[in-house]
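Take a look at the structure below.
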Amino acid sequence: MLKQWMKHCLLALGLALFLLKAQAQLPDFADLAEKQGVAVVNISATQVVRGQRFGGLPFDEDDPAFEFFRRFAPHMFPRIPGAPREFEFENRSLGSGFIISADGYILTNAHVVEGADEVIVKLTDKREFKAKVIGADKRTDVALIKIEARNLPVVTLGDPSKLRVGEWVVAIGSPFGFENSVTAGIVSAKGRSLPSENYVPFIQTDVAINPGNSGGPLFNMNGEVVGINSQIYSRSGGYQGISFAIPIDVAMEVQAQLRASGKVHRGRIGVAIQEVTKELADSFGLAKPQGALVASVEKGSPADKAGIEAGDVILRFNDKPVAQSSDLPRIVGNTKPGTRASVQVWRGGRTKELTVTVGEMPDEPVARLARRGKPAEAQPANRLGLVLSEPTAEQKRQLGIRHGLIVEDVKNGSRNDLRPGDVILALIQKGVQTEIRSMEQFNSLLAKLDKEAVVTLLVKRGDSQTFVTIKGAQDK
């Protein structure tokens with residue numbers, strides 16, 4: 001009995017030691033939240049919306065709901081004869097921010113204060129201030145605002161480059177208006193590129209972020225701000241385990257320009273780029289997938305004047321390596337307009353050094369409409385499963401091309417990403433780019449390729465160009 005009792009005691013002691021050790025290894029966020037939370041603010045932005053109501057309906061006549069209620073539910077909103085009446089209401093949104101200087105400068109997201117007529121900042125001590133928007137940059141979603149106050153608590157800034165995947169991080173903000181809420185998680189990934197964001201290498205975390213957290217700080221375990229919580233990936237509109245933060249070094253570069261001039265001056269060279277896949281790397285004779293593949297060059301742009309061509313792979317820009325295509329917009333964007341920058345490109349199986357004078361990114365991107373001509377009579381499908389036609393002179397003029405073949409149809413079973421309406425401009429094999437000028441020439445080039453060869457095509461799609469690879473060009 002004594003031996004059995006001692007055995008149970010030892011087991012209990014071992015379990016207690018294990019639990020104590022496990023508890024000691026778990027992070028404690030209490031001190032961090034207490035010390036850093038005082039520099040986190042709640043932001044309320046109000047936008048006054050003005051318009052007209054017709055006949056008593058709370059919709060504009062352009063709203064589809066107007067016609068529906070007018071015809072099928074007039075009893076809900078009885079029409080009032082006479083001229084349209086003016087209406088006005090306030091649209092309110094909530095967000096977060098954090099104080100970066102004792103005299104009242106605050107960082108938040110651009111989308112938190114966008115279009116706001118009034119911005120109110122509420123501190124943890126319940127004081128409220130009207131804030132002035134110094135400037136906002138939509139491309140990075142960073143905004144700088146200012147309140148008239150002194151001796152405010154400020155955050156300590158950290159170095160996002162020292163973050164490690166798997167490291168604990170903490171967010172403080174106002175999700176759904178619940179002020180100074182603390183959530184924690186880990187760094188899931190670094191340098192994330194999102195489809196609509198070319199200038200931010202996002203920090204991905206699994207920290208719970210919800211509406212109202214936007215603009216709030218992301219802290220490391222040293223209590224240093226390493227990012228601004230900006231957006232989430234969600235199918236429901238709420239948190240689903242993936243959130244993204246803007247690295248604080250990117251945000252501070254933006255705020256410095258906003259503080260100096262109210263806007264951000266960003267470099268551009270005028271190229272459209274795409275990622276270099278394994279198949280594209282093989283086609284261009286690269287040892288491994290790397291760099292940014294130039295799909296098209298804007299006529300008269302800095303890149304055009306520097307001699308950069310479609311089909312070049314940019315490997316370095318201004319002595320900085322371009323490991324993947326998403327690196328280039330950030331590097332170029334952070335380059336001061338007017339700078340003469342060195343560019344290393346891969347062309348025809350070897351590197352080439354060029355010099356480009358960086359231009360300035362316009363405030364808003366210019367949208368252009370694609371033009372299409374009436375398709376000419378199509379030919380039978382070729383060995384790639386493509387039904388092609390040679391463009392007429394009128395089609396060439398409308399499409400803005402001098403040569404190429406129009407894709408009229410893609411037959412079932414063909415393994416490629418081409419679409420009807422695409423224009424095949426060139427074929428690339430082992431770094432050699434051959435312009436396509438006729439159906440006969442194109443089919444002749446295909447006939448010389450092995451049946452299992454990877455075919456890379458330069459394609460015009462709308463107003464842009466892209467490279468498309470087709471695996472296994474055997475007969476269909």
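Just remember, in the structure tokens the first chain shown is A, the second B, etc., residues are 1-based per chain, and ligands are 1-based in the order shown.
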
Under the rule of at most 10 Å, produce a per-residue listing of range 207-289 of chain A near range 99-122 of chain A: chain, number, name, the closest pair of atoms, and the distance in Å, as CSV, using only C-alpha atoms.
residue,atom,partner,partner_atom,distance
A:Gly212,CA,A:Val112,CA,8.8
A:Asn213,CA,A:Asn109,CA,9.9
A:Ser214,CA,A:Asn109,CA,6.4
A:Gly215,CA,A:Thr108,CA,3.9
A:Gly216,CA,A:Thr108,CA,6.5
A:Pro217,CA,A:Thr108,CA,8.6
A:Ile228,CA,A:Thr108,CA,7.3
A:Asn229,CA,A:Asn109,CA,8.2
A:Ser230,CA,A:Asn109,CA,6.6
A:Gln231,CA,A:Asn109,CA,9.7
A:Ile246,CA,A:Asn109,CA,9.5
A:Ile248,CA,A:Leu107,CA,10.0
A:Ala251,CA,A:Leu107,CA,8.3
A:Met252,CA,A:Leu107,CA,8.9
A:Gln255,CA,A:Leu107,CA,7.9
A:Arg259,CA,A:Tyr105,CA,9.3

Could you please take those selected residues and save N, CA and C atoms as a compact mmCIF listing (two decimals), in the first residue's frame?
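Below you can see again_37.txt, which holds the result:
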# COMPACT_ATOMS: atom_id res chain seq x y z
N GLY A 212 -13.22 47.70 -36.83
CA GLY A 212 -12.92 48.56 -35.70
C GLY A 212 -11.47 48.43 -35.26
N ASN A 213 -10.85 47.27 -35.59
CA ASN A 213 -9.42 47.09 -35.33
C ASN A 213 -8.55 47.83 -36.35
N SER A 214 -9.13 48.16 -37.49
CA SER A 214 -8.36 48.78 -38.57
C SER A 214 -7.61 50.02 -38.08
N GLY A 215 -6.33 50.08 -38.38
CA GLY A 215 -5.51 51.22 -38.00
C GLY A 215 -4.83 51.05 -36.66
N GLY A 216 -5.17 50.01 -35.93
CA GLY A 216 -4.57 49.78 -34.62
C GLY A 216 -3.19 49.13 -34.74
N PRO A 217 -2.42 49.15 -33.65
CA PRO A 217 -1.05 48.65 -33.69
C PRO A 217 -0.96 47.13 -33.49
N ILE A 228 0.73 47.90 -38.63
CA ILE A 228 -0.60 48.50 -38.49
C ILE A 228 -1.62 47.48 -39.02
N ASN A 229 -2.55 47.06 -38.18
CA ASN A 229 -3.56 46.10 -38.60
C ASN A 229 -4.45 46.74 -39.66
N SER A 230 -4.50 46.10 -40.84
CA SER A 230 -5.13 46.75 -41.98
C SER A 230 -6.34 46.01 -42.54
N GLN A 231 -6.24 44.69 -42.71
CA GLN A 231 -7.34 43.97 -43.34
C GLN A 231 -7.31 42.50 -42.96
N ILE A 246 0.36 46.13 -42.00
CA ILE A 246 1.35 46.89 -42.76
C ILE A 246 2.61 47.02 -41.91
N ILE A 248 5.63 48.44 -39.94
CA ILE A 248 5.71 49.80 -39.43
C ILE A 248 6.78 50.61 -40.15
N ALA A 251 5.04 52.07 -43.09
CA ALA A 251 4.12 53.12 -42.64
C ALA A 251 4.86 54.39 -42.25
N MET A 252 6.01 54.27 -41.61
CA MET A 252 6.75 55.45 -41.17
C MET A 252 7.36 56.20 -42.36
N GLN A 255 4.35 58.14 -43.66
CA GLN A 255 3.95 59.26 -42.81
C GLN A 255 4.94 60.41 -42.88
N ARG A 259 3.65 64.04 -43.71
CA ARG A 259 3.88 65.15 -42.80
C ARG A 259 4.57 66.31 -43.53

Problem set entry | Surrounding residues of Leu388 in chain A excluding itself and chain neighbours under 3 positions, 12 Å, only C-alpha atoms, as JSON, numbers by chain | {"A": [375, 376, 377, 378, 379, 380, 381, 382, 383, 384, 385, 391, 404, 405, 406, 407, 408, 409, 410, 411, 418, 419, 420, 421, 422, 423, 424, 438, 439, 440, 442, 443]}

For this session: Assign secondary structure with DSSP using the backbone only, and return the residues of range 202-364 of chain A in strand (DSSP E) as a ChimeraX atom specification.
Result: /A:202-205,217-219,224-232,243-247,267-268,271-275,292-297,313-317,320-321,340-347,350-357,359-360

How would the residues just chosen look if you wrote them out with C-alpha atoms as a JSON list (two decimals), in the first residue's frame?
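Generated file (result-v9.json):
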[["chain", "number", "residue", "atom", "x", "y", "z"],
["A", 202, "PHE", "CA", 2.21, 42.42, -45.47],
["A", 203, "ILE", "CA", 2.76, 40.64, -42.16],
["A", 204, "GLN", "CA", 0.25, 37.78, -41.99],
["A", 205, "THR", "CA", -0.94, 36.76, -38.51],
["A", 217, "PRO", "CA", -1.05, 48.65, -33.69],
["A", 218, "LEU", "CA", 0.47, 45.18, -33.86],
["A", 219, "PHE", "CA", 3.04, 44.67, -31.07],
["A", 224, "GLU", "CA", 7.22, 47.51, -29.84],
["A", 225, "VAL", "CA", 4.89, 48.33, -32.72],
["A", 226, "VAL", "CA", 5.83, 46.23, -35.74],
["A", 227, "GLY", "CA", 2.76, 46.83, -37.90],
["A", 228, "ILE", "CA", -0.60, 48.50, -38.49],
["A", 229, "ASN", "CA", -3.56, 46.10, -38.60],
["A", 230, "SER", "CA", -5.13, 46.75, -41.98],
["A", 231, "GLN", "CA", -7.34, 43.97, -43.34],
["A", 232, "ILE", "CA", -8.53, 40.41, -43.00],
["A", 243, "SER", "CA", -5.25, 38.95, -40.88],
["A", 244, "PHE", "CA", -2.71, 41.30, -42.42],
["A", 245, "ALA", "CA", -0.67, 44.17, -41.02],
["A", 246, "ILE", "CA", 1.35, 46.89, -42.76],
["A", 247, "PRO", "CA", 5.00, 46.75, -41.58],
["A", 267, "GLY", "CA", 8.55, 56.22, -58.40],
["A", 268, "ARG", "CA", 7.44, 54.43, -61.56],
["A", 271, "VAL", "CA", 6.16, 48.40, -67.17],
["A", 272, "ALA", "CA", 3.57, 45.66, -66.67],
["A", 273, "ILE", "CA", 5.12, 42.63, -65.01],
["A", 274, "GLN", "CA", 4.25, 39.07, -64.06],
["A", 275, "GLU", "CA", 5.68, 36.30, -61.90],
["A", 292, "ALA", "CA", 10.06, 40.16, -62.64],
["A", 293, "LEU", "CA", 9.08, 39.30, -66.21],
["A", 294, "VAL", "CA", 8.26, 42.40, -68.28],
["A", 295, "ALA", "CA", 4.99, 41.66, -70.09],
["A", 296, "SER", "CA", 4.71, 45.10, -71.72],
["A", 297, "VAL", "CA", 6.40, 48.49, -71.75],
["A", 313, "VAL", "CA", 13.40, 39.61, -66.80],
["A", 314, "ILE", "CA", 14.42, 42.31, -64.31],
["A", 315, "LEU", "CA", 16.83, 40.71, -61.82],
["A", 316, "ARG", "CA", 18.12, 43.79, -59.98],
["A", 317, "PHE", "CA", 16.94, 47.38, -59.63],
["A", 320, "LYS", "CA", 18.64, 45.66, -54.99],
["A", 321, "PRO", "CA", 17.81, 42.04, -55.94],
["A", 340, "ARG", "CA", 19.02, 57.47, -62.26],
["A", 341, "ALA", "CA", 18.80, 53.80, -61.34],
["A", 342, "SER", "CA", 20.73, 50.80, -62.62],
["A", 343, "VAL", "CA", 18.67, 47.90, -63.96],
["A", 344, "GLN", "CA", 19.98, 44.39, -64.59],
["A", 345, "VAL", "CA", 17.84, 42.40, -67.01],
["A", 346, "TRP", "CA", 18.01, 38.90, -68.44],
["A", 347, "ARG", "CA", 17.66, 39.01, -72.21],
["A", 350, "ARG", "CA", 22.50, 36.63, -70.74],
["A", 351, "THR", "CA", 22.40, 39.60, -68.39],
["A", 352, "LYS", "CA", 22.35, 43.18, -69.65],
["A", 353, "GLU", "CA", 22.92, 46.38, -67.68],
["A", 354, "LEU", "CA", 20.68, 49.40, -68.35],
["A", 355, "THR", "CA", 20.09, 52.79, -66.73],
["A", 356, "VAL", "CA", 16.62, 54.27, -66.21],
["A", 357, "THR", "CA", 15.55, 57.68, -64.94],
["A", 359, "GLY", "CA", 9.42, 58.85, -63.22],
["A", 360, "GLU", "CA", 6.66, 59.73, -60.75]]

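Nearest residue to Ala131 in chain A among A:Pro175, A:Val48, A:Ala306, A:Val41 is A:Val41, counting only C-alpha atoms.
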
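Of the residues listed (A:Gly37, A:Pro160, A:Pro211, A:Pro153), A:Pro211 shows the shortest atom-to-atom separation from Ser93 in chain A; distances use only C-alpha atoms.
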
So that I can see what lies close to Leu123 in chain A, please list as a PDB file with N, CA and C atoms, in the first residue's frame the residues with an atom at most 7 Å from it, counting only C-alpha atoms and leaving out residues fewer than 3 positions away in the same chain.
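File produced: part-v6.pdb:
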ATOM      1  N   VAL A  41      -5.665  54.620 -29.562  1.00  0.00           N
ATOM      2  CA  VAL A  41      -6.846  55.490 -29.538  1.00  0.00           C
ATOM      3  C   VAL A  41      -7.983  54.892 -30.341  1.00  0.00           C
ATOM      4  N   ASN A  42      -9.179  55.356 -30.019  1.00  0.00           N
ATOM      5  CA  ASN A  42     -10.378  55.015 -30.775  1.00  0.00           C
ATOM      6  C   ASN A  42     -10.691  56.169 -31.727  1.00  0.00           C
ATOM      7  N   LYS A 126     -10.569  58.956 -21.645  1.00  0.00           N
ATOM      8  CA  LYS A 126     -11.902  59.443 -22.018  1.00  0.00           C
ATOM      9  C   LYS A 126     -11.908  60.847 -22.620  1.00  0.00           C
ATOM     10  N   ARG A 127     -10.754  61.483 -22.767  1.00  0.00           N
ATOM     11  CA  ARG A 127     -10.709  62.777 -23.441  1.00  0.00           C
ATOM     12  C   ARG A 127     -10.964  62.589 -24.936  1.00  0.00           C
ATOM     13  N   GLU A 128     -11.659  63.552 -25.524  1.00  0.00           N
ATOM     14  CA  GLU A 128     -11.950  63.491 -26.960  1.00  0.00           C
ATOM     15  C   GLU A 128     -11.413  64.739 -27.647  1.00  0.00           C
TER      16      GLU A 128
END

Exercise. Counting only C-alpha atoms, which of A:Pro27, A:Gly291, A:Gly191, A:Gly285 gets nearest to Glu167 in chain A?
Worked result: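 Comparing A:Pro27, A:Gly291, A:Gly191, A:Gly285 against Glu167 in chain A, the winner is A:Pro27.
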
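Using only C-alpha atoms for every distance, the candidate list A:Thr124, A:Asn198, A:Ser389, A:Asn91 yields A:Thr124 as the residue closest to Ala39 in chain A.
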
Problem set entry | Which of A:Gly462, A:Gly311, A:Gly95, A:Gly223 sits closest to Ile209 in chain A [using only C-alpha atoms] | A:Gly95

Exercise. Between CA of Lys132 in chain A and CA of Lys146 in chain A, what is the spacing in Å?
Worked result: 5.2 Å

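Using only C-alpha atoms, the shortest contact distance between Ile186 in chain A and any of A:Phe129, A:Ile242, A:Gly173, A:Arg150 is found at A:Ile242.
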